[in-house]
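Trainee: Sharing target_8.cif, mmCIF, N, CA and C atoms:
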data_data
loop_
_atom_site.label_atom_id
_atom_site.label_comp_id
_atom_site.auth_asym_id
_atom_site.auth_seq_id
_atom_site.Cartn_x
_atom_site.Cartn_y
_atom_site.Cartn_z
N MET A 1291 29.23 -22.48 51.14
CA MET A 1291 30.24 -22.92 50.18
C MET A 1291 29.67 -23.92 49.20
N ALA A 1292 28.79 -24.80 49.70
CA ALA A 1292 28.20 -25.81 48.82
C ALA A 1292 27.35 -25.15 47.74
N THR A 1293 26.69 -24.04 48.08
CA THR A 1293 25.85 -23.35 47.10
C THR A 1293 26.71 -22.75 45.99
N VAL A 1294 27.85 -22.18 46.35
CA VAL A 1294 28.75 -21.61 45.35
C VAL A 1294 29.25 -22.70 44.41
N THR A 1295 29.66 -23.84 44.98
CA THR A 1295 30.13 -24.96 44.17
C THR A 1295 29.01 -25.48 43.28
N SER A 1296 27.83 -25.58 43.83
CA SER A 1296 26.68 -26.05 43.08
C SER A 1296 26.32 -25.08 41.96
N ASP A 1297 26.37 -23.78 42.24
CA ASP A 1297 26.08 -22.77 41.21
C ASP A 1297 27.11 -22.84 40.09
N TYR A 1298 28.38 -23.01 40.46
CA TYR A 1298 29.44 -23.12 39.45
C TYR A 1298 29.23 -24.36 38.60
N ALA A 1299 28.90 -25.48 39.22
CA ALA A 1299 28.66 -26.73 38.50
C ALA A 1299 27.46 -26.58 37.56
N ASN A 1300 26.42 -25.93 38.02
CA ASN A 1300 25.25 -25.70 37.17
C ASN A 1300 25.59 -24.81 35.98
N HIS A 1301 26.37 -23.77 36.24
CA HIS A 1301 26.78 -22.86 35.17
C HIS A 1301 27.66 -23.59 34.15
N ALA A 1302 28.61 -24.37 34.65
CA ALA A 1302 29.51 -25.12 33.76
C ALA A 1302 28.71 -26.13 32.94
N HIS A 1303 27.76 -26.79 33.58
CA HIS A 1303 26.92 -27.76 32.86
C HIS A 1303 26.10 -27.06 31.78
N GLN A 1304 25.54 -25.90 32.10
CA GLN A 1304 24.73 -25.15 31.13
C GLN A 1304 25.59 -24.68 29.96
N ALA A 1305 26.80 -24.22 30.24
CA ALA A 1305 27.71 -23.77 29.17
C ALA A 1305 28.07 -24.94 28.27
N SER A 1306 28.31 -26.10 28.87
CA SER A 1306 28.63 -27.29 28.10
C SER A 1306 27.46 -27.71 27.23
N THR A 1307 26.26 -27.66 27.79
CA THR A 1307 25.05 -28.01 27.04
C THR A 1307 24.83 -27.03 25.88
N ASP A 1308 25.06 -25.74 26.12
CA ASP A 1308 24.90 -24.74 25.07
C ASP A 1308 25.87 -25.01 23.91
N LYS A 1309 27.12 -25.33 24.22
CA LYS A 1309 28.11 -25.62 23.18
C LYS A 1309 27.72 -26.87 22.42
N PHE A 1310 27.28 -27.87 23.13
CA PHE A 1310 26.84 -29.12 22.53
C PHE A 1310 25.71 -28.86 21.53
N GLU A 1311 24.73 -28.06 21.95
CA GLU A 1311 23.59 -27.75 21.08
C GLU A 1311 24.02 -26.91 19.87
N LYS A 1312 24.96 -25.99 20.05
CA LYS A 1312 25.45 -25.19 18.94
C LYS A 1312 26.16 -26.05 17.90
N VAL A 1313 27.01 -26.95 18.36
CA VAL A 1313 27.72 -27.84 17.43
C VAL A 1313 26.72 -28.73 16.70
N ALA A 1314 25.77 -29.29 17.41
CA ALA A 1314 24.76 -30.15 16.79
C ALA A 1314 23.95 -29.36 15.75
N THR A 1315 23.63 -28.13 16.03
CA THR A 1315 22.86 -27.29 15.10
C THR A 1315 23.68 -26.99 13.84
N ILE A 1316 24.95 -26.64 14.02
CA ILE A 1316 25.82 -26.37 12.86
C ILE A 1316 25.92 -27.62 11.99
N LEU A 1317 26.15 -28.77 12.60
CA LEU A 1317 26.26 -30.02 11.83
C LEU A 1317 24.93 -30.37 11.16
N ARG A 1318 23.84 -30.13 11.85
CA ARG A 1318 22.52 -30.45 11.28
C ARG A 1318 22.27 -29.63 10.02
N TRP A 1319 22.54 -28.33 10.08
CA TRP A 1319 22.33 -27.49 8.89
C TRP A 1319 23.32 -27.84 7.77
N THR A 1320 24.55 -28.15 8.15
CA THR A 1320 25.55 -28.52 7.15
C THR A 1320 25.15 -29.79 6.42
N TYR A 1321 24.83 -30.83 7.19
CA TYR A 1321 24.52 -32.12 6.58
C TYR A 1321 23.08 -32.21 6.08
N GLY A 1322 22.31 -31.18 6.33
CA GLY A 1322 21.00 -31.06 5.71
C GLY A 1322 21.10 -30.33 4.38
N LEU A 1323 21.76 -29.18 4.37
CA LEU A 1323 21.78 -28.33 3.17
C LEU A 1323 22.75 -28.82 2.09
N VAL A 1324 23.92 -29.31 2.48
CA VAL A 1324 24.90 -29.73 1.47
C VAL A 1324 24.35 -30.86 0.58
N PRO A 1325 23.74 -31.91 1.14
CA PRO A 1325 23.17 -32.93 0.25
C PRO A 1325 22.03 -32.39 -0.64
N ILE A 1326 21.25 -31.46 -0.12
CA ILE A 1326 20.18 -30.88 -0.92
C ILE A 1326 20.76 -30.12 -2.11
N VAL A 1327 21.78 -29.31 -1.86
CA VAL A 1327 22.41 -28.54 -2.94
C VAL A 1327 23.09 -29.48 -3.94
N ALA A 1328 23.86 -30.45 -3.43
CA ALA A 1328 24.55 -31.39 -4.33
C ALA A 1328 23.53 -32.21 -5.12
N GLY A 1329 22.46 -32.61 -4.47
CA GLY A 1329 21.42 -33.38 -5.15
C GLY A 1329 20.74 -32.57 -6.24
N ALA A 1330 20.42 -31.32 -5.95
CA ALA A 1330 19.79 -30.46 -6.96
C ALA A 1330 20.73 -30.22 -8.13
N ASP A 1331 22.02 -30.13 -7.83
CA ASP A 1331 22.99 -29.87 -8.89
C ASP A 1331 23.19 -31.09 -9.80
N LYS A 1332 22.75 -32.25 -9.38
CA LYS A 1332 22.82 -33.43 -10.27
C LYS A 1332 21.97 -33.20 -11.52
N PHE A 1333 21.01 -32.29 -11.45
CA PHE A 1333 20.15 -31.98 -12.58
C PHE A 1333 20.68 -30.81 -13.41
N MET A 1334 21.48 -29.93 -12.77
CA MET A 1334 21.93 -28.72 -13.45
C MET A 1334 23.40 -28.76 -13.86
N HIS A 1335 24.20 -29.52 -13.16
CA HIS A 1335 25.65 -29.63 -13.42
C HIS A 1335 26.34 -28.26 -13.42
N LEU A 1336 25.97 -27.42 -12.45
CA LEU A 1336 26.64 -26.13 -12.33
C LEU A 1336 27.95 -26.25 -11.55
N LEU A 1337 27.97 -27.11 -10.55
CA LEU A 1337 29.17 -27.28 -9.74
C LEU A 1337 30.22 -28.12 -10.45
N THR A 1338 29.78 -29.16 -11.16
CA THR A 1338 30.69 -30.05 -11.86
C THR A 1338 29.89 -30.97 -12.78
N ASP A 1339 30.57 -31.72 -13.59
CA ASP A 1339 29.93 -32.77 -14.39
C ASP A 1339 29.94 -34.03 -13.54
N TRP A 1340 28.85 -34.28 -12.85
CA TRP A 1340 28.77 -35.36 -11.88
C TRP A 1340 28.97 -36.74 -12.51
N ASP A 1341 28.58 -36.88 -13.75
CA ASP A 1341 28.66 -38.19 -14.42
C ASP A 1341 30.09 -38.73 -14.46
N LYS A 1342 31.07 -37.84 -14.50
CA LYS A 1342 32.47 -38.28 -14.61
C LYS A 1342 32.94 -38.97 -13.34
N TYR A 1343 32.25 -38.79 -12.23
CA TYR A 1343 32.66 -39.40 -10.97
C TYR A 1343 32.12 -40.81 -10.78
N LEU A 1344 31.34 -41.28 -11.72
CA LEU A 1344 30.77 -42.62 -11.60
C LEU A 1344 31.80 -43.64 -12.08
N ALA A 1345 32.12 -44.60 -11.22
CA ALA A 1345 33.14 -45.61 -11.53
C ALA A 1345 32.67 -46.48 -12.70
N PRO A 1346 33.60 -46.82 -13.61
CA PRO A 1346 33.26 -47.68 -14.74
C PRO A 1346 32.62 -49.01 -14.32
N VAL A 1347 33.08 -49.56 -13.21
CA VAL A 1347 32.49 -50.82 -12.74
C VAL A 1347 31.01 -50.63 -12.39
N VAL A 1348 30.67 -49.45 -11.90
CA VAL A 1348 29.27 -49.15 -11.58
C VAL A 1348 28.47 -48.97 -12.86
N THR A 1349 29.01 -48.24 -13.83
CA THR A 1349 28.28 -48.03 -15.08
C THR A 1349 28.08 -49.34 -15.83
N ASP A 1350 28.99 -50.30 -15.63
CA ASP A 1350 28.82 -51.62 -16.26
C ASP A 1350 27.70 -52.42 -15.61
N ILE A 1351 27.45 -52.18 -14.34
CA ILE A 1351 26.45 -52.95 -13.60
C ILE A 1351 25.04 -52.39 -13.76
N ILE A 1352 24.93 -51.07 -13.73
CA ILE A 1352 23.59 -50.46 -13.74
C ILE A 1352 22.99 -50.47 -15.15
N PRO A 1353 21.68 -50.70 -15.23
CA PRO A 1353 21.04 -50.74 -16.55
C PRO A 1353 20.55 -49.36 -17.01
N LEU A 1354 21.19 -48.32 -16.53
CA LEU A 1354 20.78 -46.94 -16.84
C LEU A 1354 21.98 -46.17 -17.38
N SER A 1355 21.69 -45.10 -18.07
CA SER A 1355 22.78 -44.21 -18.49
C SER A 1355 23.32 -43.50 -17.24
N PRO A 1356 24.58 -43.09 -17.28
CA PRO A 1356 25.13 -42.37 -16.12
C PRO A 1356 24.30 -41.13 -15.75
N GLY A 1357 23.81 -40.40 -16.75
CA GLY A 1357 23.00 -39.21 -16.47
C GLY A 1357 21.72 -39.54 -15.73
N THR A 1358 21.04 -40.59 -16.16
CA THR A 1358 19.80 -41.01 -15.50
C THR A 1358 20.10 -41.49 -14.08
N PHE A 1359 21.16 -42.28 -13.95
CA PHE A 1359 21.55 -42.77 -12.63
C PHE A 1359 21.85 -41.60 -11.69
N MET A 1360 22.60 -40.61 -12.18
CA MET A 1360 22.95 -39.47 -11.33
C MET A 1360 21.72 -38.63 -10.98
N SER A 1361 20.72 -38.61 -11.84
CA SER A 1361 19.47 -37.92 -11.50
C SER A 1361 18.78 -38.62 -10.34
N ILE A 1362 18.79 -39.94 -10.35
CA ILE A 1362 18.22 -40.70 -9.24
C ILE A 1362 19.02 -40.44 -7.97
N VAL A 1363 20.34 -40.40 -8.10
CA VAL A 1363 21.21 -40.07 -6.98
C VAL A 1363 20.84 -38.69 -6.43
N GLY A 1364 20.58 -37.74 -7.31
CA GLY A 1364 20.20 -36.39 -6.88
C GLY A 1364 18.94 -36.39 -6.04
N VAL A 1365 17.95 -37.15 -6.46
CA VAL A 1365 16.70 -37.23 -5.69
C VAL A 1365 16.97 -37.84 -4.32
N ILE A 1366 17.76 -38.90 -4.28
CA ILE A 1366 18.10 -39.55 -3.00
C ILE A 1366 18.83 -38.56 -2.08
N GLU A 1367 19.76 -37.79 -2.64
CA GLU A 1367 20.50 -36.83 -1.82
C GLU A 1367 19.60 -35.73 -1.28
N ILE A 1368 18.68 -35.26 -2.09
CA ILE A 1368 17.74 -34.23 -1.62
C ILE A 1368 16.90 -34.78 -0.47
N VAL A 1369 16.38 -35.98 -0.64
CA VAL A 1369 15.56 -36.60 0.42
C VAL A 1369 16.40 -36.81 1.68
N ALA A 1370 17.64 -37.27 1.52
CA ALA A 1370 18.52 -37.49 2.67
C ALA A 1370 18.79 -36.18 3.41
N GLY A 1371 19.03 -35.10 2.67
CA GLY A 1371 19.26 -33.80 3.30
C GLY A 1371 18.05 -33.32 4.08
N ILE A 1372 16.88 -33.47 3.49
CA ILE A 1372 15.64 -33.09 4.19
C ILE A 1372 15.48 -33.93 5.45
N LEU A 1373 15.79 -35.20 5.34
CA LEU A 1373 15.68 -36.10 6.49
C LEU A 1373 16.60 -35.66 7.63
N VAL A 1374 17.81 -35.20 7.30
CA VAL A 1374 18.71 -34.70 8.34
C VAL A 1374 18.08 -33.51 9.06
N LEU A 1375 17.43 -32.62 8.31
CA LEU A 1375 16.81 -31.44 8.92
C LEU A 1375 15.61 -31.81 9.78
N VAL A 1376 14.88 -32.85 9.40
CA VAL A 1376 13.65 -33.23 10.10
C VAL A 1376 13.92 -34.25 11.21
N LYS A 1377 14.74 -35.23 10.91
CA LYS A 1377 15.08 -36.30 11.86
C LYS A 1377 16.59 -36.50 11.83
N PRO A 1378 17.32 -35.64 12.53
CA PRO A 1378 18.79 -35.64 12.40
C PRO A 1378 19.47 -36.95 12.78
N LYS A 1379 18.97 -37.67 13.74
CA LYS A 1379 19.64 -38.91 14.14
C LYS A 1379 19.58 -39.93 13.00
N LEU A 1380 18.42 -40.15 12.45
CA LEU A 1380 18.27 -41.08 11.34
C LEU A 1380 18.94 -40.53 10.08
N GLY A 1381 18.68 -39.28 9.75
CA GLY A 1381 19.22 -38.67 8.54
C GLY A 1381 20.73 -38.62 8.51
N SER A 1382 21.35 -38.34 9.64
CA SER A 1382 22.80 -38.26 9.68
C SER A 1382 23.44 -39.62 9.43
N MET A 1383 22.82 -40.68 9.92
CA MET A 1383 23.36 -42.02 9.67
C MET A 1383 23.24 -42.37 8.18
N ILE A 1384 22.12 -42.01 7.58
CA ILE A 1384 21.93 -42.27 6.15
C ILE A 1384 22.95 -41.48 5.33
N VAL A 1385 23.11 -40.20 5.65
CA VAL A 1385 24.07 -39.36 4.90
C VAL A 1385 25.50 -39.86 5.12
N GLY A 1386 25.84 -40.26 6.33
CA GLY A 1386 27.18 -40.78 6.58
C GLY A 1386 27.46 -42.04 5.78
N CYS A 1387 26.50 -42.95 5.75
CA CYS A 1387 26.68 -44.18 4.96
C CYS A 1387 26.72 -43.86 3.47
N TRP A 1388 25.88 -42.94 3.04
CA TRP A 1388 25.85 -42.52 1.64
C TRP A 1388 27.21 -41.96 1.23
N LEU A 1389 27.78 -41.10 2.08
CA LEU A 1389 29.10 -40.52 1.78
C LEU A 1389 30.19 -41.59 1.72
N MET A 1390 30.09 -42.60 2.56
CA MET A 1390 31.07 -43.70 2.49
C MET A 1390 30.91 -44.45 1.17
N GLY A 1391 29.67 -44.63 0.74
CA GLY A 1391 29.43 -45.27 -0.56
C GLY A 1391 30.01 -44.46 -1.71
N ILE A 1392 29.84 -43.16 -1.63
CA ILE A 1392 30.41 -42.27 -2.66
C ILE A 1392 31.94 -42.39 -2.66
N ALA A 1393 32.53 -42.41 -1.46
CA ALA A 1393 33.99 -42.53 -1.37
C ALA A 1393 34.47 -43.85 -1.98
N ILE A 1394 33.75 -44.92 -1.72
CA ILE A 1394 34.13 -46.22 -2.31
C ILE A 1394 34.02 -46.15 -3.83
N ASN A 1395 32.94 -45.56 -4.33
CA ASN A 1395 32.79 -45.40 -5.78
C ASN A 1395 33.97 -44.61 -6.36
N LEU A 1396 34.35 -43.52 -5.68
CA LEU A 1396 35.46 -42.70 -6.17
C LEU A 1396 36.77 -43.47 -6.16
N LEU A 1397 36.99 -44.27 -5.15
CA LEU A 1397 38.21 -45.08 -5.10
C LEU A 1397 38.22 -46.09 -6.25
N LEU A 1398 37.04 -46.61 -6.60
CA LEU A 1398 36.95 -47.58 -7.70
C LEU A 1398 37.25 -46.95 -9.07
N THR A 1399 37.17 -45.62 -9.16
CA THR A 1399 37.49 -44.97 -10.43
C THR A 1399 38.99 -45.02 -10.70
N GLY A 1400 39.79 -45.20 -9.64
CA GLY A 1400 41.24 -45.16 -9.80
C GLY A 1400 41.78 -43.75 -9.83
N GLN A 1401 40.92 -42.79 -9.60
CA GLN A 1401 41.31 -41.38 -9.52
C GLN A 1401 40.41 -40.70 -8.51
N TYR A 1402 40.47 -39.41 -8.38
CA TYR A 1402 39.65 -38.64 -7.44
C TYR A 1402 39.86 -39.06 -5.99
N PHE A 1403 41.08 -39.52 -5.66
CA PHE A 1403 41.36 -39.96 -4.30
C PHE A 1403 41.20 -38.83 -3.30
N ASP A 1404 41.54 -37.60 -3.71
CA ASP A 1404 41.40 -36.46 -2.82
C ASP A 1404 39.94 -36.22 -2.46
N ILE A 1405 39.06 -36.38 -3.42
CA ILE A 1405 37.63 -36.19 -3.16
C ILE A 1405 37.10 -37.33 -2.29
N ALA A 1406 37.61 -38.53 -2.51
CA ALA A 1406 37.21 -39.67 -1.69
C ALA A 1406 37.58 -39.43 -0.22
N VAL A 1407 38.78 -38.91 0.00
CA VAL A 1407 39.21 -38.62 1.38
C VAL A 1407 38.30 -37.56 1.99
N ARG A 1408 37.97 -36.53 1.23
CA ARG A 1408 37.06 -35.48 1.75
C ARG A 1408 35.70 -36.06 2.09
N ASP A 1409 35.20 -36.97 1.26
CA ASP A 1409 33.90 -37.57 1.54
C ASP A 1409 33.96 -38.45 2.79
N ILE A 1410 35.08 -39.11 3.02
CA ILE A 1410 35.23 -39.90 4.25
C ILE A 1410 35.23 -38.98 5.47
N VAL A 1411 35.93 -37.86 5.36
CA VAL A 1411 35.94 -36.88 6.46
C VAL A 1411 34.53 -36.32 6.68
N MET A 1412 33.83 -36.04 5.60
CA MET A 1412 32.45 -35.57 5.73
C MET A 1412 31.57 -36.64 6.38
N ALA A 1413 31.79 -37.90 6.05
CA ALA A 1413 31.03 -39.00 6.66
C ALA A 1413 31.28 -39.03 8.16
N ILE A 1414 32.53 -38.81 8.56
CA ILE A 1414 32.84 -38.78 10.00
C ILE A 1414 32.06 -37.66 10.68
N GLY A 1415 31.95 -36.52 10.02
CA GLY A 1415 31.14 -35.43 10.57
C GLY A 1415 29.68 -35.81 10.68
N ALA A 1416 29.15 -36.51 9.68
CA ALA A 1416 27.76 -36.95 9.73
C ALA A 1416 27.56 -37.96 10.86
N PHE A 1417 28.52 -38.88 11.03
CA PHE A 1417 28.42 -39.84 12.13
C PHE A 1417 28.54 -39.13 13.48
N SER A 1418 29.30 -38.04 13.54
CA SER A 1418 29.38 -37.24 14.76
C SER A 1418 28.04 -36.60 15.07
N LEU A 1419 27.35 -36.11 14.05
CA LEU A 1419 26.00 -35.57 14.26
C LEU A 1419 25.08 -36.65 14.79
N PHE A 1420 25.20 -37.87 14.29
CA PHE A 1420 24.41 -38.99 14.80
C PHE A 1420 24.64 -39.13 16.30
N LEU A 1421 25.90 -39.09 16.74
CA LEU A 1421 26.22 -39.25 18.16
C LEU A 1421 25.71 -38.09 19.00
N LEU A 1422 25.66 -36.91 18.44
CA LEU A 1422 25.21 -35.73 19.17
C LEU A 1422 23.69 -35.60 19.21
N SER A 1423 23.01 -36.26 18.28
CA SER A 1423 21.57 -36.10 18.16
C SER A 1423 20.83 -36.94 19.19
N VAL A 1424 19.78 -36.34 19.72
CA VAL A 1424 18.90 -37.11 20.60
C VAL A 1424 17.96 -37.92 19.73
N ASP A 1425 17.37 -38.93 20.29
CA ASP A 1425 16.44 -39.75 19.52
C ASP A 1425 15.35 -38.88 18.92
N ASP A 1426 15.06 -39.13 17.65
CA ASP A 1426 14.03 -38.35 16.94
C ASP A 1426 12.66 -38.69 17.45
#
Is it possible to give me this structure as structure tokens?
Mentor:
Amino acid sequence: MATVTSDYANHAHQASTDKFEKVATILRWTYGLVPIVAGADKFMHLLTDWDKYLAPVVTDIIPLSPGTFMSIVGVIEIVAGILVLVKPKLGSMIVGCWLMGIAINLLLTGQYFDIAVRDIVMAIGAFSLFLLSVDD
């Protein structure tokens, strides 16, 4: 009887581990590829005009044009996405914090609240990947 219970426990543990790894893999690819695509689009503006999402208070502070600033943002996002794919624990924390920063910027615009909420939800997903990831 103990062997049957032990076999069931081992099977249940393996199934749980498999699900855990599948979720972590889905999150890793999501939070790796989405920042890379969004970052690359900062140069092409195919998805949207990214410059319009920059809060006026930010444009007043930075010594760069919004377009130049968003190009730098694009490079940072590409690097962050690659980092998630290579070192998911570190990369997911960076992407999660980055998304929170984007949400704060969007709130400071006085508009785009729906996008800010989505970015906060995405940040929660990135922080979840951090919790699921083993040390790099």
Trainee: As an MDAnalysis selection string, please: the residues near Ile1368 of chain A (cut-off 12 Å, only C-alpha atoms, same-chain neighbours under 4 positions excluded).
Mentor: chainID A and resid 1321:1333 1361:1364 1372:1375 1381 1384:1385
Trainee: I need the chosen residues saved as a compact mmCIF listing (two decimals), in the coordinates of the input, with N, CA and C atoms.
Mentor:
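Result saved to selection-v3.txt:
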# COMPACT_ATOMS: atom_id res chain seq x y z
N TYR A 1321 24.83 -30.83 7.19
CA TYR A 1321 24.52 -32.12 6.58
C TYR A 1321 23.08 -32.21 6.08
N GLY A 1322 22.31 -31.18 6.33
CA GLY A 1322 21.00 -31.06 5.71
C GLY A 1322 21.10 -30.33 4.38
N LEU A 1323 21.76 -29.18 4.37
CA LEU A 1323 21.78 -28.33 3.17
C LEU A 1323 22.75 -28.82 2.09
N VAL A 1324 23.92 -29.31 2.48
CA VAL A 1324 24.90 -29.73 1.47
C VAL A 1324 24.35 -30.86 0.58
N PRO A 1325 23.74 -31.91 1.14
CA PRO A 1325 23.17 -32.93 0.25
C PRO A 1325 22.03 -32.39 -0.64
N ILE A 1326 21.25 -31.46 -0.12
CA ILE A 1326 20.18 -30.88 -0.92
C ILE A 1326 20.76 -30.12 -2.11
N VAL A 1327 21.78 -29.31 -1.86
CA VAL A 1327 22.41 -28.54 -2.94
C VAL A 1327 23.09 -29.48 -3.94
N ALA A 1328 23.86 -30.45 -3.43
CA ALA A 1328 24.55 -31.39 -4.33
C ALA A 1328 23.53 -32.21 -5.12
N GLY A 1329 22.46 -32.61 -4.47
CA GLY A 1329 21.42 -33.38 -5.15
C GLY A 1329 20.74 -32.57 -6.24
N ALA A 1330 20.42 -31.32 -5.95
CA ALA A 1330 19.79 -30.46 -6.96
C ALA A 1330 20.73 -30.22 -8.13
N ASP A 1331 22.02 -30.13 -7.83
CA ASP A 1331 22.99 -29.87 -8.89
C ASP A 1331 23.19 -31.09 -9.80
N LYS A 1332 22.75 -32.25 -9.38
CA LYS A 1332 22.82 -33.43 -10.27
C LYS A 1332 21.97 -33.20 -11.52
N PHE A 1333 21.01 -32.29 -11.45
CA PHE A 1333 20.15 -31.98 -12.58
C PHE A 1333 20.68 -30.81 -13.41
N SER A 1361 20.72 -38.61 -11.84
CA SER A 1361 19.47 -37.92 -11.50
C SER A 1361 18.78 -38.62 -10.34
N ILE A 1362 18.79 -39.94 -10.35
CA ILE A 1362 18.22 -40.70 -9.24
C ILE A 1362 19.02 -40.44 -7.97
N VAL A 1363 20.34 -40.40 -8.10
CA VAL A 1363 21.21 -40.07 -6.98
C VAL A 1363 20.84 -38.69 -6.43
N GLY A 1364 20.58 -37.74 -7.31
CA GLY A 1364 20.20 -36.39 -6.88
C GLY A 1364 18.94 -36.39 -6.04
N ILE A 1372 16.88 -33.47 3.49
CA ILE A 1372 15.64 -33.09 4.19
C ILE A 1372 15.48 -33.93 5.45
N LEU A 1373 15.79 -35.20 5.34
CA LEU A 1373 15.68 -36.10 6.49
C LEU A 1373 16.60 -35.66 7.63
N VAL A 1374 17.81 -35.20 7.30
CA VAL A 1374 18.71 -34.70 8.34
C VAL A 1374 18.08 -33.51 9.06
N LEU A 1375 17.43 -32.62 8.31
CA LEU A 1375 16.81 -31.44 8.92
C LEU A 1375 15.61 -31.81 9.78
N GLY A 1381 18.68 -39.28 9.75
CA GLY A 1381 19.22 -38.67 8.54
C GLY A 1381 20.73 -38.62 8.51
N ILE A 1384 22.12 -42.01 7.58
CA ILE A 1384 21.93 -42.27 6.15
C ILE A 1384 22.95 -41.48 5.33
N VAL A 1385 23.11 -40.20 5.65
CA VAL A 1385 24.07 -39.36 4.90
C VAL A 1385 25.50 -39.86 5.12
Trainee: Need to verify the contact set: segment 1420-1426 of chain A, 8 Å, only N, CA and C atoms, exclusion of same-chain residues closer than 3 positions in sequence. Can you return it as a compact mmCIF listing (two decimals) with N, CA and C atoms, keeping the file's coordinate frame?
Mentor:
# COMPACT_ATOMS: atom_id res chain seq x y z
N PHE A 1310 27.28 -27.87 23.13
CA PHE A 1310 26.84 -29.12 22.53
C PHE A 1310 25.71 -28.86 21.53
N VAL A 1313 27.01 -26.95 18.36
CA VAL A 1313 27.72 -27.84 17.43
C VAL A 1313 26.72 -28.73 16.70
N ALA A 1314 25.77 -29.29 17.41
CA ALA A 1314 24.76 -30.15 16.79
C ALA A 1314 23.95 -29.36 15.75
N VAL A 1376 14.88 -32.85 9.40
CA VAL A 1376 13.65 -33.23 10.10
C VAL A 1376 13.92 -34.25 11.21
N LYS A 1377 14.74 -35.23 10.91
CA LYS A 1377 15.08 -36.30 11.86
C LYS A 1377 16.59 -36.50 11.83
N PRO A 1378 17.32 -35.64 12.53
CA PRO A 1378 18.79 -35.64 12.40
C PRO A 1378 19.47 -36.95 12.78
N LYS A 1379 18.97 -37.67 13.74
CA LYS A 1379 19.64 -38.91 14.14
C LYS A 1379 19.58 -39.93 13.00
N LEU A 1380 18.42 -40.15 12.45
CA LEU A 1380 18.27 -41.08 11.34
C LEU A 1380 18.94 -40.53 10.08
N GLY A 1381 18.68 -39.28 9.75
CA GLY A 1381 19.22 -38.67 8.54
C GLY A 1381 20.73 -38.62 8.51
N SER A 1382 21.35 -38.34 9.64
CA SER A 1382 22.80 -38.26 9.68
C SER A 1382 23.44 -39.62 9.43
N MET A 1383 22.82 -40.68 9.92
CA MET A 1383 23.36 -42.02 9.67
C MET A 1383 23.24 -42.37 8.18
N ILE A 1414 32.53 -38.81 8.56
CA ILE A 1414 32.84 -38.78 10.00
C ILE A 1414 32.06 -37.66 10.68
N GLY A 1415 31.95 -36.52 10.02
CA GLY A 1415 31.14 -35.43 10.57
C GLY A 1415 29.68 -35.81 10.68
N ALA A 1416 29.15 -36.51 9.68
CA ALA A 1416 27.76 -36.95 9.73
C ALA A 1416 27.56 -37.96 10.86
N PHE A 1417 28.52 -38.88 11.03
CA PHE A 1417 28.42 -39.84 12.13
C PHE A 1417 28.54 -39.13 13.48
Trainee: Could you tell me which of A:Val1411, A:Val1347, A:Leu1337, A:Met1360 comes closest to Leu1398 of chain A if we count only N, CA and C atoms?
Mentor: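 When distances to Leu1398 of chain A are compared using only N, CA and C atoms, the smallest one comes from A:Val1347.
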Trainee: Provide the atom CA of Leu1419 of chain A to atom N of Leu1317 of chain A distance in Å, to one decimal place.
Mentor: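 For atom CA of Leu1419 of chain A relative to atom N of Leu1317 of chain A, the distance reads 7.0 Å.
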Trainee: Atom CA of Thr1338 of chain A to atom CA of Pro1356 of chain A: how many Å, to one decimal?
Mentor: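 Spanning atom CA of Thr1338 of chain A to atom CA of Pro1356 of chain A is a straight-line distance of 14.2 Å.
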Trainee: Taking only C-alpha atoms into account, which of A:Gln1304, A:Thr1315, A:Tyr1343, A:Leu1354 comes nearest Ala1393 of chain A?
Mentor: A:Tyr1343
Trainee: By how many Å are atom CA of Ile1394 of chain A and atom CA of Thr1320 of chain A apart?
Mentor: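 Value for the atom CA of Ile1394 of chain A-atom CA of Thr1320 of chain A distance: 21.8 Å.
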